[in-house]
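Visitor: Take this structure first; my questions come after.
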Number of protein chains: 2
Amino acid sequence: MATRTDAPTRREQILKEAALLFAERGFHGVGVDEIGAAVGISGPGLYRHFAGKDAMLAELLVGISGRLLTGGKRRVAESDGGDPEVLLDSLIEGHIDFALDDRPLITLHDRELDRLRDSDRKLVRQLQRQYVELWVEILREVYPSLAEPAARSAVHSVFGLLNSTPHLGRPGSLPGRGATAELLHRMARGAFAAAAA
Amino acid sequence: MATRTDAPTRREQILKEAALLFAERGFHGVGVDEIGAAVGISGPGLYRHFAGKDAMLAELLVGISGRLLTGGKRRVAESDGGDPEVLLDSLIEGHIDFALDDRPLITLHDRELDRLRDSDRKLVRQLQRQYVELWVEILREVYPSLAEPAARSAVHSVFGLLNSTPHLGRPGSLPGRGATAELLHRMARGAFAAAAA
DNA sequence: CAGGGAGGTTAGCGGTCGTTAACCTGAAGG
DNA sequence: CCTTCAGGTTAACGACCGCTAACCTCCCTG
């Protein structure tokens, strides 16, 4: 079982480069020729791997929201019955890892959703909603005083806070990854606590 | 002196509709014909008011960052020498008002900046930076323990939190504007306090 | 009442872009 | 050794889009 040290497949290469380009210049701002050039093939060669430009964006966005949700569910399952406070910290930590390690995907995530076909957009929205509801549930266990609509707003706002990483200056101007992660974590907890006050 | 109850000028109409369309479908996703149609004229009629599509976006983005900065400076000036805590609350309140009342502009603000000509983008970035520095300064008066890089990160993150309003479900699903504003305000303060801890 | 400018109109040009068609090539497999 | 097929190539089409040109029509003003 080659547990994932394999060379990345062509599809994966393409998706990675497309994500970077889309994040930089927007979906409509990038041509298929540029995406091809980024992986060393040119233009229409991409159509051997994807049905079209839209399909790449769809796979990226579905992948992102899917991975977020799966990771969240896994953490919930692992903590089963444990301290909700610890679980909330675990969720926050997972989201921060994602926000710090996959910044272009974070950017795409809430920027290009409207460029999707109706069916894909509905799928992504549904995954996002499930992820939010997961957080809402845990949050209300930690802060039972928090009404559900307020909890949902609070979760969206904290996502806004955590997803601010692309605005935090390119890696290097930051105080280091660990310190940044810790700062974001503290702020998220502080924001939640204040929301429940 | 007609203090601003005047009918909106054509330019203003166009800018308003263009902002809505750009926020909905992205700069490249909107044609000039659609912008024209939105104000009752069609296509190239826009060129009587703007040098081009780019010019509309530029005016919108410069206007946004300019208004944010001006509003912030005004609040600082008004509080001159007063309690920094009160001033910080005032800045937060001002930003929330903007985020709640001009949601499409908030969306544009951090989504389409890269579509600008170099000179315009530099101008907008400079205005944004000044606005951030304004917050950083006040924040460090309130929390002297906070180092400058951390303060800057904290400010960007809180902007992410406050600018999450477009994700908060369309007006109506919200607990009411006042309650939302209050919630956001508490969370921002909580996040800052936690950052300084 | 001339005339001129502000603010429209439609037609159309030139460029870009996503996608398809037709063709090529090298390596694997019977 | 021949075949097949995955994965490329270039050429080109058709649609769209930003913008200009040329023209029209009020309305204001001297």
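In the structure tokens, chains take the letters A, B, ... in the order shown, each chain's residues start at 1, and ligands count up from 1 in the order shown.
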Could you please select, counting only C-alpha atoms (C1' of nucleotides), the residues of chain A within 9 Å of chain D and state them as a list in words?
Guide: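 Going by the stated atoms only, the list reads Ile41, Ser42, Gly45 and Arg48 of chain A.
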Visitor: With N, CA and C atoms retained, export the selected residues as a JSON list (two decimals), in the first residue's frame.
Guide:
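Everything below was put into selection.json:
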[["chain", "number", "residue", "atom", "x", "y", "z"],
["A", 41, "ILE", "N", 2.09, 21.50, -20.63],
["A", 41, "ILE", "CA", 1.41, 21.14, -21.86],
["A", 41, "ILE", "C", 0.69, 22.39, -22.32],
["A", 42, "SER", "N", 0.10, 22.35, -23.50],
["A", 42, "SER", "CA", -0.43, 23.64, -23.91],
["A", 42, "SER", "C", -1.87, 23.55, -24.38],
["A", 45, "GLY", "N", -4.74, 20.44, -24.62],
["A", 45, "GLY", "CA", -4.33, 19.18, -24.04],
["A", 45, "GLY", "C", -5.05, 18.89, -22.73],
["A", 48, "ARG", "N", -7.96, 16.30, -22.36],
["A", 48, "ARG", "CA", -7.77, 14.86, -22.14],
["A", 48, "ARG", "C", -8.03, 14.50, -20.69]]
Visitor: Please report as a ChimeraX atom specification which residues of chain A come no farther than 8 Å from chain B, using only C-alpha atoms.
Guide: /A:24-25,28-29,111,114-115,149-150,153-154,156-165,167-168,174-175,183-184,186-195
Visitor: Just the selected residues (C-alpha atoms), exported as a compact mmCIF listing (two decimals), in the first residue's frame, please.
Guide:
# COMPACT_ATOMS: atom_id res chain seq x y z
CA GLU A 24 -4.62 35.06 -8.36
CA ARG A 25 -6.60 36.39 -11.25
CA HIS A 28 -12.68 34.38 -15.89
CA GLY A 29 -9.28 36.04 -15.75
CA ARG A 111 -14.88 33.93 -4.29
CA ASP A 114 -21.14 31.67 -8.22
CA ARG A 115 -19.28 30.61 -11.36
CA PRO A 149 -29.39 31.99 14.82
CA ALA A 150 -26.75 33.85 16.80
CA SER A 153 -23.88 34.02 12.63
CA ALA A 154 -21.01 33.61 15.04
CA HIS A 156 -19.82 32.41 9.83
CA SER A 157 -18.02 35.37 11.36
CA VAL A 158 -15.29 33.22 12.86
CA PHE A 159 -14.83 31.57 9.47
CA GLY A 160 -14.32 35.07 8.12
CA LEU A 161 -11.71 35.62 10.80
CA LEU A 162 -9.87 32.35 10.19
CA ASN A 163 -10.09 32.70 6.42
CA SER A 164 -8.37 36.07 6.58
CA THR A 165 -5.01 34.33 6.15
CA HIS A 167 -4.68 38.96 3.62
CA LEU A 168 -2.00 38.43 6.23
CA LEU A 174 4.39 36.69 9.39
CA PRO A 175 5.66 35.98 12.91
CA LEU A 183 -2.98 33.90 17.53
CA LEU A 184 -5.85 32.96 15.23
CA ARG A 186 -7.01 32.56 20.62
CA MET A 187 -8.95 35.16 18.65
CA ALA A 188 -11.50 32.62 17.48
CA ARG A 189 -12.09 31.42 21.02
CA GLY A 190 -12.29 35.01 22.23
CA ALA A 191 -14.82 35.88 19.56
CA PHE A 192 -16.99 32.88 20.43
CA ALA A 193 -16.84 33.62 24.14
CA ALA A 194 -17.84 37.23 23.50
CA ALA A 195 -20.69 36.11 21.26
Visitor: Between B:Arg129, B:Lys53, B:Lys16, B:Lys122, which one has atoms that come closest to B:Leu68, using only C-alpha atoms?
Guide: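 Looking at the shortest contact to B:Leu68, the residue is B:Arg129.
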Visitor: Using only C-alpha atoms (C1' of nucleotides), what table do you get, as a tab-separated table, when you list each residue of chain C with an atom no more than 12 Å from chain B, its nearest pair of atoms, and their distance in Å rounded to one decimal, rows by chain then rising number?
Guide:
residue	atom	partner	partner_atom	distance
C:DA6	C1'	B:Arg48	CA	8.7
C:DG7	C1'	B:Arg48	CA	6.9
C:DG8	C1'	B:Gly45	CA	6.4
C:DT9	C1'	B:Gly45	CA	8.2
C:DT10	C1'	B:Pro44	CA	10.0
C:DA11	C1'	B:Pro44	CA	11.8
Visitor: Could you give me, as a PyMOL selection string, each residue of chain B that DSSP assigns to helix (DSSP H, G or I) when run on this structure's backbone?
Guide: chain B and resi 10-25+32-38+43-48+53-78+84-101+103-109+113-115+118-142+148-162+165-167+177-196
Visitor: As an exercise, work out the distance from atom CA of B:Arg10 to atom CA of B:Phe22 in Å and give it to one decimal place.
Guide: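 Distance between the two atoms: 17.9 Å.
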Visitor: As a list of chain:residue names, please: the residues near stretch 85-95 of chain B (cut-off 7 Å, only C-alpha atoms (C1' of nucleotides), same-chain neighbours under 4 positions excluded).
Guide: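 Listed by chain and then number, they are B:Gly72, B:Arg75, B:Val76, B:Ser79, B:Ala99, B:Ile138, B:Leu139, B:Val142, B:His185.
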Visitor: Would you export the selected residues with C-alpha atoms as a compact mmCIF listing (two decimals), in the first residue's frame, please?
Guide:
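Generated output (part_9.txt):
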# COMPACT_ATOMS: atom_id res chain seq x y z
CA GLY B 72 -11.79 56.36 10.40
CA ARG B 75 -13.60 59.36 14.28
CA VAL B 76 -10.01 59.62 15.50
CA SER B 79 -12.23 61.61 19.89
CA ALA B 99 -20.24 46.25 6.22
CA ILE B 138 -5.43 52.66 18.45
CA LEU B 139 -5.39 48.96 19.21
CA VAL B 142 -5.78 49.89 24.28
CA HIS B 185 -19.21 44.31 17.83
Visitor: Grab the atom CA of A:Asp120 to atom CA of A:Gly66 distance for me, in Å with one decimal place.
Guide: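 For atom CA of A:Asp120 relative to atom CA of A:Gly66, the distance reads 12.3 Å.
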Visitor: So how far away is atom CA of B:Leu100 from atom CA of B:Arg177, in Å?
Guide: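 Computing the Euclidean distance for atom CA of B:Arg177 and atom CA of B:Leu100 yields 7.8 Å.
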